[in-house]
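**Student:** File coords10.txt below, compact mmCIF, C-alpha atoms:
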```
# COMPACT_ATOMS: atom_id res chain seq x y z
CA MET V 1 28.28 33.53 -19.91
CA ALA V 2 31.84 32.26 -19.83
CA SER V 3 34.70 32.06 -17.40
CA LYS V 4 36.90 35.18 -17.40
CA ILE V 5 39.87 32.86 -17.89
CA ASP V 6 40.05 31.28 -21.33
CA PHE V 7 41.18 27.68 -20.84
CA SER V 8 40.48 26.69 -24.46
CA GLU V 9 44.17 26.31 -25.35
CA LEU V 10 44.91 23.98 -22.44
CA THR V 11 45.03 20.21 -22.79
CA LEU V 12 42.89 18.93 -19.93
CA ASN V 13 42.70 15.20 -20.67
CA SER V 14 46.31 14.27 -19.94
CA ASP V 15 48.72 14.87 -17.12
CA GLU V 16 48.71 18.67 -16.95
CA ALA V 17 49.85 20.65 -13.92
CA ARG V 18 48.15 19.67 -10.68
CA GLU V 19 49.39 22.44 -8.37
CA THR V 20 49.63 26.19 -8.63
CA SER V 21 53.38 25.98 -8.10
CA GLN V 22 53.66 24.23 -11.46
CA LEU V 23 51.96 27.03 -13.38
CA VAL V 24 53.79 29.70 -15.34
CA PHE V 25 52.24 33.13 -14.88
CA GLU V 26 52.77 35.77 -17.54
CA GLN V 27 54.55 38.70 -15.94
CA THR V 28 52.45 41.68 -15.01
CA TYR V 29 53.35 44.80 -16.94
CA ALA V 30 56.19 46.96 -15.68
CA ARG V 31 54.60 50.19 -14.54
CA PRO V 32 55.38 53.04 -12.19
CA GLU V 33 53.40 53.67 -9.05
CA ILE V 34 50.88 56.38 -9.89
CA ALA V 35 51.92 58.57 -6.96
CA ASN V 36 55.50 58.60 -8.28
CA VAL V 37 54.56 60.12 -11.65
CA HIS V 38 51.54 62.29 -10.87
CA GLY V 39 50.39 64.37 -7.98
CA ILE V 40 46.96 63.18 -6.82
CA GLN V 41 44.17 65.64 -6.03
CA THR V 42 41.12 64.14 -4.38
CA GLY V 43 37.62 65.51 -3.93
CA VAL V 44 37.31 66.20 -7.67
CA ILE V 45 33.71 65.12 -8.31
CA MET V 46 32.34 67.56 -10.88
CA ASP V 47 33.67 70.34 -13.10
CA ARG V 48 35.80 72.56 -10.89
CA TYR V 49 37.92 75.52 -11.84
CA ILE V 50 41.56 75.68 -10.82
CA PRO V 51 42.61 79.32 -10.25
CA ILE V 52 46.24 79.98 -11.15
CA LEU V 53 47.55 83.19 -9.58
CA GLY V 54 50.74 84.78 -10.79
CA GLN V 55 53.27 87.22 -9.31
CA PHE V 56 53.84 90.95 -9.45
CA ASP V 57 56.21 91.98 -12.20
CA LEU V 58 59.05 94.45 -11.49
CA VAL V 59 58.56 96.71 -8.51
CA GLY V 60 60.89 99.11 -6.70
CA LEU V 61 62.16 102.33 -8.27
CA ILE V 62 64.36 104.96 -6.69
CA ASP V 63 62.28 107.12 -4.41
CA PRO V 64 61.31 110.40 -6.13
CA GLY V 65 61.71 112.43 -2.97
CA SER V 66 59.70 115.52 -1.94
CA CYS V 67 57.23 113.35 -0.01
CA SER V 68 56.18 111.56 -3.18
CA VAL V 69 55.88 107.77 -3.46
CA ASN V 70 56.24 105.60 -6.52
CA THR V 71 52.88 104.12 -7.45
CA GLU V 72 53.04 100.73 -9.10
CA THR V 73 50.36 100.02 -11.72
CA GLY V 74 51.13 96.38 -12.33
CA GLN V 75 48.68 93.68 -11.32
CA ILE V 76 48.91 90.05 -10.36
CA SER V 77 47.85 88.01 -13.36
CA ALA V 78 45.29 85.25 -12.95
CA SER V 79 44.28 82.37 -15.18
CA GLU V 80 42.40 79.15 -14.70
CA LYS V 81 42.02 75.57 -15.80
CA GLN V 82 39.13 73.27 -15.16
CA TRP V 83 38.81 69.76 -13.86
CA THR V 84 36.41 67.72 -15.99
CA PRO V 85 36.49 64.31 -14.29
CA LYS V 86 34.93 61.41 -16.15
CA LEU V 87 33.41 58.34 -14.55
CA ILE V 88 35.34 55.32 -15.83
CA SER V 89 33.85 51.91 -15.14
CA TYR V 90 33.83 48.29 -16.20
CA ARG V 91 32.32 44.98 -15.11
CA LEU V 92 33.81 41.52 -15.45
CA ALA V 93 31.49 38.51 -15.22
CA HIS V 94 32.85 35.06 -14.39
CA CYS V 95 30.89 31.81 -14.71
CA GLN V 96 32.51 29.20 -12.52
CA ALA V 97 30.43 26.43 -14.09
CA ASP V 98 32.39 26.90 -17.31
CA VAL V 99 35.64 25.90 -15.61
CA SER V 100 36.30 22.33 -16.66
CA ASN V 101 36.09 19.55 -14.09
CA LEU V 102 39.30 18.22 -15.60
CA LEU V 103 41.23 21.27 -14.43
CA LYS V 104 43.49 19.98 -11.69
CA PHE V 105 45.46 22.95 -10.39
CA TRP V 106 42.32 24.97 -9.47
CA GLN V 107 39.70 22.68 -8.07
CA ARG V 108 35.99 22.82 -8.89
CA ALA V 109 33.41 22.47 -6.12
CA ARG V 110 32.81 18.91 -4.96
CA ILE V 111 29.25 19.68 -3.83
CA ALA V 112 26.82 19.99 -6.72
CA ALA V 113 24.91 22.90 -5.22
CA LYS V 114 28.17 24.86 -5.01
CA THR V 115 29.03 24.35 -8.70
CA TRP V 116 28.38 27.99 -9.56
CA GLU V 117 29.29 29.76 -6.35
CA GLU V 118 32.45 28.16 -4.99
CA VAL V 119 35.70 29.44 -6.52
CA ASP V 120 39.12 28.08 -5.62
CA ASN V 121 40.84 30.61 -3.33
CA GLU V 122 44.00 30.71 -5.44
CA MET V 123 41.97 31.21 -8.61
CA LEU V 124 40.03 34.05 -6.97
CA ALA V 125 43.27 35.68 -5.84
CA PHE V 126 44.63 35.40 -9.39
CA LEU V 127 41.54 37.06 -10.89
CA THR V 128 41.61 39.84 -8.29
CA ASP V 129 45.28 40.51 -8.95
CA ARG V 130 44.75 40.70 -12.71
CA ILE V 131 41.74 43.03 -12.34
CA THR V 132 43.69 45.36 -10.05
CA GLU V 133 46.58 45.42 -12.53
CA ALA V 134 44.21 46.14 -15.43
CA THR V 135 42.76 49.10 -13.51
CA MET V 136 46.20 50.56 -12.86
CA GLN V 137 47.05 50.20 -16.54
CA ALA V 138 43.81 51.98 -17.47
CA ILE V 139 44.66 54.92 -15.20
CA LEU V 140 48.16 55.21 -16.65
CA ARG V 141 46.86 54.87 -20.24
CA LEU V 142 44.26 57.60 -19.86
CA SER V 143 46.40 60.00 -17.83
CA SER V 144 49.19 59.86 -20.43
CA PHE V 145 47.44 59.16 -23.75
CA GLY V 146 43.86 60.31 -23.30
CA ASP V 147 42.66 62.27 -26.34
CA THR V 148 39.04 63.22 -26.89
CA ALA V 149 39.69 63.38 -30.64
CA ALA V 150 41.54 60.05 -30.89
CA ASP V 151 40.83 57.89 -33.92
CA THR V 152 42.39 55.05 -35.87
CA VAL V 153 44.87 55.39 -38.73
CA ALA V 154 42.20 54.34 -41.23
CA ASN V 155 40.08 57.30 -40.12
CA GLY V 156 42.89 59.85 -40.19
CA GLY V 157 44.09 59.38 -36.61
CA VAL V 158 47.15 57.73 -35.08
CA LEU V 159 45.63 54.79 -33.19
CA THR V 160 46.43 51.30 -34.46
CA ASN V 161 43.69 50.06 -36.75
CA GLY V 162 41.30 47.82 -34.86
CA THR V 163 41.73 49.72 -31.59
CA THR V 164 38.51 50.74 -29.85
CA LYS V 165 39.01 54.49 -29.61
CA GLY V 166 36.69 54.76 -26.62
CA TYR V 167 39.53 53.44 -24.47
CA PHE V 168 41.37 56.71 -25.19
CA THR V 169 38.68 59.39 -25.61
CA PRO V 170 37.28 60.16 -22.11
CA PHE V 171 39.54 63.22 -21.60
CA ASN V 172 42.77 64.82 -22.81
CA GLY V 173 45.78 63.40 -21.00
CA LEU V 174 49.32 64.61 -20.49
CA TRP V 175 50.66 64.21 -24.04
CA LYS V 176 47.63 65.63 -25.84
CA GLN V 177 47.88 68.70 -23.60
CA VAL V 178 51.61 68.98 -24.34
CA PHE V 179 50.98 68.85 -28.09
CA THR V 180 48.18 71.44 -27.84
CA ASP V 181 50.22 73.78 -25.66
CA GLN V 182 53.29 73.33 -27.85
CA ALA V 183 51.27 74.39 -30.90
CA GLY V 184 50.19 77.47 -28.98
CA SER V 185 53.74 78.11 -27.73
CA ALA V 186 52.72 77.67 -24.11
CA VAL V 187 55.35 74.95 -23.68
CA SER V 188 58.36 76.77 -25.01
CA LYS V 189 61.09 74.23 -24.27
CA ARG V 190 61.12 71.19 -26.50
CA TRP V 191 63.96 68.93 -27.57
CA GLU V 192 63.10 67.49 -30.97
CA ILE V 193 64.01 63.83 -31.43
CA SER V 194 64.66 63.41 -35.14
CA ALA V 195 64.38 59.60 -35.06
CA ASN V 196 60.68 59.96 -34.25
CA ALA V 197 60.13 61.09 -37.84
CA GLY V 198 61.61 57.89 -39.30
CA GLY V 199 59.41 56.17 -41.83
CA THR V 200 60.10 52.64 -40.57
CA TYR V 201 60.52 50.93 -37.22
CA VAL V 202 64.22 50.45 -37.98
CA ASP V 203 64.70 54.13 -38.83
CA GLN V 204 62.97 55.16 -35.63
CA GLN V 205 65.23 53.03 -33.49
CA ASN V 206 68.30 54.68 -34.97
CA LEU V 207 68.88 57.18 -32.16
CA GLY V 208 72.11 59.13 -32.11
CA ASP V 209 74.81 57.87 -29.75
CA THR V 210 74.37 60.89 -27.46
CA GLU V 211 70.64 61.46 -27.98
CA ALA V 212 69.61 60.87 -24.36
CA LEU V 213 72.53 62.88 -22.98
CA ASP V 214 71.78 65.80 -25.29
CA MET V 215 68.11 65.57 -24.37
CA PHE V 216 68.75 65.55 -20.61
CA ARG V 217 71.14 68.47 -20.93
CA TYR V 218 68.74 70.53 -23.02
CA LEU V 219 65.74 69.98 -20.76
CA TYR V 220 67.76 70.72 -17.64
CA ASN V 221 69.42 73.83 -19.05
CA ASN V 222 66.32 75.31 -20.67
CA ILE V 223 63.41 74.67 -18.34
CA ASP V 224 62.21 77.79 -16.53
CA ALA V 225 64.26 78.39 -13.38
CA ARG V 226 61.08 78.47 -11.30
CA ALA V 227 60.63 74.74 -11.97
CA PHE V 228 63.56 73.99 -9.64
CA GLU V 229 61.61 75.40 -6.70
CA GLY V 230 59.33 72.36 -6.73
CA GLN V 231 59.91 69.47 -4.36
CA ASN V 232 59.24 66.64 -6.81
CA LEU V 233 61.01 67.56 -10.05
CA VAL V 234 61.66 64.39 -12.08
CA PHE V 235 62.54 63.23 -15.57
CA GLN V 236 60.04 60.76 -17.04
CA ILE V 237 61.34 59.05 -20.16
CA THR V 238 60.52 56.15 -22.46
CA ARG V 239 62.59 53.01 -22.06
CA SER V 240 63.96 53.58 -25.57
CA LEU V 241 65.66 56.77 -24.36
CA PHE V 242 66.78 55.10 -21.16
CA ASN V 243 68.43 52.33 -23.18
CA ASN V 244 70.23 54.98 -25.21
CA TRP V 245 71.36 56.63 -21.96
CA GLN V 246 72.70 53.36 -20.58
CA ASP V 247 74.51 52.61 -23.84
CA PHE V 248 76.21 55.98 -23.64
CA LEU V 249 77.26 55.44 -20.03
CA GLU V 250 78.65 52.00 -20.80
CA ASP V 251 80.57 53.31 -23.79
CA LYS V 252 82.07 56.06 -21.64
CA SER V 253 82.48 53.88 -18.54
CA LEU V 254 80.56 56.45 -16.53
CA VAL V 255 77.97 54.21 -14.90
CA PHE V 256 79.66 54.29 -11.52
CA MET V 257 79.48 58.10 -11.46
CA LEU V 258 75.80 58.52 -12.28
CA ASP V 259 73.81 55.93 -10.40
CA ARG V 260 73.33 55.30 -6.73
CA THR V 261 72.01 52.36 -4.80
CA GLU V 262 69.26 52.73 -2.22
CA GLU V 263 67.84 49.77 -0.30
CA GLY V 264 69.41 47.38 -2.76
CA ALA V 265 67.94 48.99 -5.89
CA THR V 266 69.69 51.17 -8.42
CA LYS V 267 68.25 54.69 -8.61
CA TRP V 268 69.06 56.72 -11.69
CA SER V 269 69.38 60.48 -11.84
CA TYR V 270 70.77 63.27 -13.98
CA ARG V 271 72.34 66.20 -12.16
CA GLY V 272 70.58 65.07 -9.02
CA ILE V 273 67.10 64.87 -10.60
CA PRO V 274 65.53 61.37 -10.46
CA ILE V 275 64.87 59.52 -13.72
CA ILE V 276 61.68 57.49 -13.94
CA VAL V 277 61.56 55.02 -16.81
CA ARG V 278 58.05 54.84 -18.29
CA HIS V 279 57.99 51.28 -19.58
CA ASP V 280 54.25 51.72 -19.95
CA TRP V 281 54.74 54.54 -22.49
CA ASP V 282 56.79 52.26 -24.76
CA ARG V 283 54.26 49.46 -24.46
CA PHE V 284 51.22 51.63 -25.17
CA ILE V 285 52.89 53.44 -28.07
CA ARG V 286 54.12 50.29 -29.79
CA THR V 287 50.79 48.52 -29.35
CA TYR V 288 48.22 51.24 -29.88
CA PHE V 289 50.03 53.89 -31.95
CA ASP V 290 51.26 51.77 -34.86
CA ASN V 291 50.38 52.59 -38.47
CA GLY V 292 51.84 49.36 -39.81
CA THR V 293 55.28 50.72 -40.74
CA SER V 294 56.17 53.06 -37.87
CA TRP V 295 55.07 54.19 -34.42
CA TYR V 296 53.67 57.58 -33.47
CA LEU V 297 56.45 59.44 -31.60
CA PRO V 298 57.99 56.40 -29.85
CA HIS V 299 60.68 58.39 -27.99
CA ARG V 300 59.37 60.86 -25.40
CA ALA V 301 60.46 62.58 -22.22
CA ILE V 302 59.20 65.24 -19.85
CA LEU V 303 60.86 67.20 -17.07
CA THR V 304 58.48 68.66 -14.51
CA ASP V 305 57.35 68.48 -10.91
CA ILE V 306 54.84 65.63 -10.60
CA ASN V 307 52.51 68.03 -8.74
CA ASN V 308 52.43 70.15 -11.91
CA ILE V 309 50.80 67.28 -13.83
CA PRO V 310 48.27 65.98 -11.27
CA ILE V 311 45.47 63.53 -11.75
CA GLY V 312 42.15 64.47 -10.20
CA THR V 313 39.79 61.95 -8.68
CA SER V 314 36.85 61.88 -6.29
CA ASP V 315 38.70 59.62 -3.87
CA GLU V 316 41.93 57.68 -3.89
CA GLU V 317 40.28 54.52 -2.60
CA SER V 318 38.29 54.05 -5.82
CA LEU V 319 41.53 53.87 -7.82
CA THR V 320 42.56 50.69 -6.05
CA SER V 321 39.32 49.06 -4.87
CA LEU V 322 36.81 46.77 -6.54
CA ASP V 323 33.34 45.50 -5.77
CA ALA V 324 33.11 41.71 -6.11
CA PHE V 325 29.87 39.81 -5.55
CA TYR V 326 28.03 36.63 -6.50
CA ASP V 327 24.52 36.77 -7.96
CA ARG V 328 22.48 33.69 -7.03
CA THR V 329 19.86 34.44 -9.69
CA ASP V 330 22.13 34.12 -12.72
CA LYS V 331 24.80 32.04 -10.96
CA THR V 332 27.58 34.44 -11.92
CA HIS V 333 30.46 36.14 -10.12
CA TYR V 334 30.73 39.86 -10.90
CA THR V 335 33.51 42.36 -10.29
CA ASP V 336 32.70 46.04 -10.73
CA VAL V 337 35.33 48.77 -10.95
CA ALA V 338 34.54 52.49 -11.08
CA PHE V 339 36.56 55.65 -10.54
CA LYS V 340 36.45 59.30 -11.53
CA LEU V 341 39.53 60.58 -13.33
CA ASP V 342 41.02 63.60 -15.05
CA GLN V 343 44.56 64.89 -15.61
CA LYS V 344 45.84 68.42 -15.96
CA ASN V 345 49.11 70.09 -16.96
CA LEU V 346 49.01 73.20 -14.76
CA LEU V 347 51.91 75.62 -15.26
CA GLU V 348 53.21 75.32 -18.82
CA TYR V 349 56.45 77.12 -18.01
CA GLY V 350 57.17 74.35 -15.53
CA LEU V 351 57.44 71.72 -18.25
CA ALA V 352 60.22 70.89 -20.67
CA VAL V 353 59.55 68.10 -23.13
CA ALA V 354 61.17 65.92 -25.73
CA TYR V 355 59.49 64.08 -28.59
```
Reformat the file's structure so that it appears as structure tokens.

**Tutor:**
Amino acid sequence: MASKIDFSELTLNSDEARETSQLVFEQTYARPEIANVHGIQTGVIMDRYIPILGQFDLVGLIDPGSCSVNTETGQISASEKQWTPKLISYRLAHCQADVSNLLKFWQRARIAAKTWEEVDNEMLAFLTDRITEATMQAILRLSSFGDTAADTVANGGVLTNGTTKGYFTPFNGLWKQVFTDQAGSAVSKRWEISANAGGTYVDQQNLGDTEALDMFRYLYNNIDARAFEGQNLVFQITRSLFNNWQDFLEDKSLVFMLDRTEEGATKWSYRGIPIIVRHDWDRFIRTYFDNGTSWYLPHRAILTDINNIPIGTSDEESLTSLDAFYDRTDKTHYTDVAFKLDQKNLLEYGLAVAY
């Protein structure tokens, strides 16, 4: 058993840092808050059907007179989708005895009997923070890129060779559902980004000067009008497209017209619809969807109400909680994380996409 922090690259026999304030912490990944990009439905424990009820079609003809009444024969259409939540879990084991006594910024226990059990408070806080962040990244990864058929490039798939496909295969996430529905013409509004087809990384980064503008305009103008009745309609876009958007605004000196500041932070929108930059999409795509010469669809965007692409879970608490305990028998600290998760694209007409 080893410590969950690998200190092997540190020099511990000279004058290294002695206080936490002297450490340099790698930045946690930029990510959106889950509730800002997905509706959250709780109480989803086992397979559950989601009834989707439509509307009457045209009704109302001129009255025929003579005490007759027009009889409508149309019916309300009904369809359904199904939650199939999967239990996602992992355990991290930490052996405090493997932390070197020479480590000065996180102290080891001074009492011999506490060698295994006692963990520096700041070190424990660091581990807890990193575990919580890893869980959030897992939820975002699966909800966006889950694909039950995922495989590596060497096996005919699109995952970077060497990637453990099990980290992507529990259920079909947002983009796999988009691709499936697009093939079946359920998602009828798609802006095609030609740079995605580039054969090299350089070719793929060669977006047109007005690519993001044209994309925003197309999605806005072509999404079904019913989508605007939702309360949480947002654009979600890769950072690559956002950079292209900012370049365009700077070139046209339009920044001052199209952003607004709230509580000291700049909020971006297009025609009044908020823009959420999915830094996590860029990171996952460029790390785990790389065939060695190009990425798999590195530029993506979606316009929809976040409640139209909900995640389902048994309880919200499990998404953010962890179970940490010390086992006196094997002298090891354990942290267990478990949550049930699924994601569904509900009304296809309520999505417009770009990729």

**Student:** As an exercise, work out the distance from CA of Ala212 in chain V to CA of Ile273 in chain V in Å and give it to one decimal place.

**Tutor:**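 Answer for the CA of Ala212 in chain V to CA of Ile273 in chain V separation: 14.5 Å.
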
**Student:** Please identify all polymer residues within 9 Å of range 84-88 of chain V, counting all atoms listed in the file, omitting same-chain residues fewer than 5 positions from it, and present them as a PyMOL selection string.

**Tutor:** chain V and resi 44-49+170-171+312-314+337-343

**Student:** Which is closest to Ile223 in chain V among V:Asp280, V:Glu348, V:Glu250, V:Glu33, if we use only C-alpha atoms?

**Tutor:**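 Going through V:Asp280, V:Glu348, V:Glu250, V:Glu33 one by one, the smallest distance to Ile223 in chain V is for V:Glu348.
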
**Student:** Fewer than 2 positions away in the same chain doesn't count, so skip those; otherwise give me all residues within 10 Å of Gly173 in chain V, counting all atoms listed in the file, as number ranges by chain.

**Tutor:** V: 140-148, 168-171, 175-178, 309, 311, 342-345

**Student:** Residues of range 237-343 of chain V that approach range 197-205 of chain V to 8 Å or less, counting all atoms listed in the file: could you list each one with the shortest pair of atoms and its distance in Å to one decimal, rows by chain and increasing residue number, as JSON lines?

**Tutor:**
```
{"residue": "V:Thr293", "atom": "CA", "partner": "V:Thr200", "partner_atom": "CA", "distance": 5.2}
{"residue": "V:Ser294", "atom": "CA", "partner": "V:Thr200", "partner_atom": "CA", "distance": 4.8}
{"residue": "V:Trp295", "atom": "CA", "partner": "V:Tyr201", "partner_atom": "CA", "distance": 6.9}
{"residue": "V:Leu297", "atom": "CA", "partner": "V:Ala197", "partner_atom": "CA", "distance": 7.4}
{"residue": "V:Pro298", "atom": "CA", "partner": "V:Gln204", "partner_atom": "CA", "distance": 7.7}
```

**Student:** What is the CA of Ala134 in chain V-CA of Pro32 in chain V distance in Å, reported with one decimal?

**Tutor:**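 Value for the CA of Ala134 in chain V-CA of Pro32 in chain V distance: 13.5 Å.
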
**Student:** Just to confirm, what's the straight-line distance from CA of Pro310 in chain V to CA of Gln41 in chain V in Å (one decimal)?

**Tutor:**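 These atoms are spaced 6.7 Å apart.
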
**Student:** Please determine, counting all atoms listed in the file, which residue among V:Arg190, V:Leu127, V:Gly272, V:Glu133 has the shortest atom-to-atom distance to Asn222 in chain V.

**Tutor:**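 Of all the options, V:Arg190 lies closest to Asn222 in chain V.
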
**Student:** Under the rule that only C-alpha atoms are counted, which of V:Leu322, V:Ile285, V:Ala125, V:Ile302 is the nearest residue to Leu233 in chain V?

**Tutor:**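 Ranked by minimum distance to Leu233 in chain V, first place goes to V:Ile302.
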
**Student:** Between V:Gln182, V:Thr42, V:Asn161, V:Thr238, which has the minimum distance to Asp315 in chain V (counting all atoms listed in the file)?

**Tutor:**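 The answer is V:Thr42, which sits nearest to Asp315 in chain V.
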
**Student:** Which residue out of V:Thr164, V:Gly43, V:Asn243, V:Tyr90 has the minimum interatomic distance to Ile131 in chain V when all atoms listed in the file are used?

**Tutor:**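 Under the stated criterion, the closest residue is V:Tyr90.
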